[in-house]
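The structure under discussion appears below in the form of structure tokens.
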Amino acid sequence: IAYASGSAISAGDILATLIFTYEGDVVDTEITISTAQRNENDAVSEEATVVEISNYAASGDNTLKDLTVQEGTLTPDFDPEITEYEMEVPFDVENLTVEALANDEKATVEISDTTLTAGETTVITVTVTAENGDVKVYTIRVTRAAALLGDVNNDGLVDTTDAKLIMQLDLGLIGEDDLLVDVADVNGDGLIDTTDAKLIMQLDLGLITEFPNNG
């Protein structure tokens, strides 16, 4: 932009308006504007001004890049566009280890309580909040197997090993922390004693086909 020699310019005068047009997001952009002026001695001085432009549009990406559960496999297989999953776990899994990775590093991920209840289905949510506040919720319906009545050592079998543990408990040789007391009272009389141990042995020997549970 040139001005004729002798033109009067006062402080604060607007000499030019620069309009920048851009497409897409602009992040921490710098534009250098160079100016030059000639003084009365016909000497030219130059000056560079750096203008920083920050006009960033926050991301709306609220999808997951990956979703895994250490204790099992999701059904269906993970897909960022699929938000509902199911899985089953054995009785001895009391908590899940859920790992969720957001597709956008600026998004936040929150996982709900992963504690499971035996014999019930628990819904675990994975909430992804995009940088711009948009929210997407992924759900995992997890069914934890119920404990097998009489299987006090939780090995999937009801046999003499379980009966021995109950007898040891009844004699005070071991404590309740050494076996699953919730499935030890096989006759449902409110006691854990040799009667339960005998019933387990009878079941193991094929003398009975089920426990006379009164609970």
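As shown in the structure tokens, the chain order sets the letters A, B, ...; within each chain, residues go from 1, and ligands are also counted from 1 in the order they appear.
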
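If you count only C-alpha atoms and ignore residues fewer than 5 places along the chain from Lys164 (chain A), what sits within 12 Å of it is A:Gly150, A:Asp151, A:Val152, A:Asn153, A:Val158, A:Asp159, A:Leu169, A:Asp170, A:Leu171, A:Leu173, A:Ile174, A:Leu179, A:Ala184, A:Asp193, A:Thr194, A:Thr195, A:Asp196, A:Ala197, A:Lys198, A:Leu199, A:Ile200, A:Met201.
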
(request) List every residue of region 140-175 of chain A that DSSP, applied to the backbone of this structure, places in strand (DSSP E), and write the result as a PyMOL selection string. (result) chain A and resi 140-144

Could those residues be written to a file, using all heavy atoms, as a PDB file, in the first residue's frame?
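Generated output (result.pdb):
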```pdb
ATOM      1  N   ILE A 140     -22.378 -52.130  28.266  1.00  0.00           N
ATOM      2  CA  ILE A 140     -21.995 -53.549  28.282  1.00  0.00           C
ATOM      3  C   ILE A 140     -22.885 -54.249  29.308  1.00  0.00           C
ATOM      4  O   ILE A 140     -22.827 -53.934  30.507  1.00  0.00           O
ATOM      5  CB  ILE A 140     -20.518 -53.742  28.671  1.00  0.00           C
ATOM      6  CG1 ILE A 140     -19.604 -52.871  27.807  1.00  0.00           C
ATOM      7  CG2 ILE A 140     -20.124 -55.211  28.549  1.00  0.00           C
ATOM      8  CD1 ILE A 140     -18.151 -52.888  28.252  1.00  0.00           C
ATOM      9  N   ARG A 141     -23.712 -55.169  28.851  1.00  0.00           N
ATOM     10  CA  ARG A 141     -24.572 -55.951  29.748  1.00  0.00           C
ATOM     11  C   ARG A 141     -23.819 -57.231  30.105  1.00  0.00           C
ATOM     12  O   ARG A 141     -23.610 -58.095  29.248  1.00  0.00           O
ATOM     13  CB  ARG A 141     -25.907 -56.271  29.079  1.00  0.00           C
ATOM     14  CG  ARG A 141     -26.746 -55.019  28.781  1.00  0.00           C
ATOM     15  CD  ARG A 141     -28.037 -55.391  28.052  1.00  0.00           C
ATOM     16  NE  ARG A 141     -28.834 -56.308  28.834  1.00  0.00           N
ATOM     17  CZ  ARG A 141     -29.697 -55.933  29.775  1.00  0.00           C
ATOM     18  NH1 ARG A 141     -29.845 -54.645  30.047  1.00  0.00           N
ATOM     19  NH2 ARG A 141     -30.392 -56.830  30.444  1.00  0.00           N
ATOM     20  N   VAL A 142     -23.429 -57.333  31.369  1.00  0.00           N
ATOM     21  CA  VAL A 142     -22.585 -58.446  31.822  1.00  0.00           C
ATOM     22  C   VAL A 142     -23.380 -59.349  32.754  1.00  0.00           C
ATOM     23  O   VAL A 142     -23.909 -58.896  33.769  1.00  0.00           O
ATOM     24  CB  VAL A 142     -21.334 -57.925  32.556  1.00  0.00           C
ATOM     25  CG1 VAL A 142     -20.410 -59.087  32.901  1.00  0.00           C
ATOM     26  CG2 VAL A 142     -20.617 -56.882  31.722  1.00  0.00           C
ATOM     27  N   THR A 143     -23.477 -60.629  32.382  1.00  0.00           N
ATOM     28  CA  THR A 143     -24.164 -61.601  33.226  1.00  0.00           C
ATOM     29  C   THR A 143     -23.138 -62.459  33.948  1.00  0.00           C
ATOM     30  O   THR A 143     -22.332 -63.147  33.318  1.00  0.00           O
ATOM     31  CB  THR A 143     -25.087 -62.502  32.388  1.00  0.00           C
ATOM     32  OG1 THR A 143     -26.041 -61.689  31.703  1.00  0.00           O
ATOM     33  CG2 THR A 143     -25.819 -63.503  33.288  1.00  0.00           C
ATOM     34  N   ARG A 144     -23.161 -62.362  35.264  1.00  0.00           N
ATOM     35  CA  ARG A 144     -22.255 -63.173  36.093  1.00  0.00           C
ATOM     36  C   ARG A 144     -22.986 -64.433  36.538  1.00  0.00           C
ATOM     37  O   ARG A 144     -24.103 -64.369  37.057  1.00  0.00           O
ATOM     38  CB  ARG A 144     -21.793 -62.375  37.307  1.00  0.00           C
ATOM     39  CG  ARG A 144     -20.883 -63.154  38.250  1.00  0.00           C
ATOM     40  CD  ARG A 144     -20.591 -62.355  39.513  1.00  0.00           C
ATOM     41  NE  ARG A 144     -19.840 -63.140  40.479  1.00  0.00           N
ATOM     42  CZ  ARG A 144     -19.656 -62.789  41.741  1.00  0.00           C
ATOM     43  NH1 ARG A 144     -20.183 -61.652  42.198  1.00  0.00           N
ATOM     44  NH2 ARG A 144     -18.973 -63.560  42.563  1.00  0.00           N
TER      45      ARG A 144
END
```

(request) Please measure the separation of CA of Thr121 (chain A) and CA of Ala107 (chain A), giving the value in Å to one decimal. (result) 28.8 Å

(message) With only C-alpha atoms as the counted atoms, please give the residues lying no more than 12 Å from Thr73 (chain A), apart from itself and same-chain residues fewer than 6 positions off, as a PyMOL selection string.
(response) chain A and resi 67+85-89+96-98+140-142

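Computed from the coordinates, the CA of Ala146 (chain A) to CA of Ala118 (chain A) distance equals 4.9 Å.
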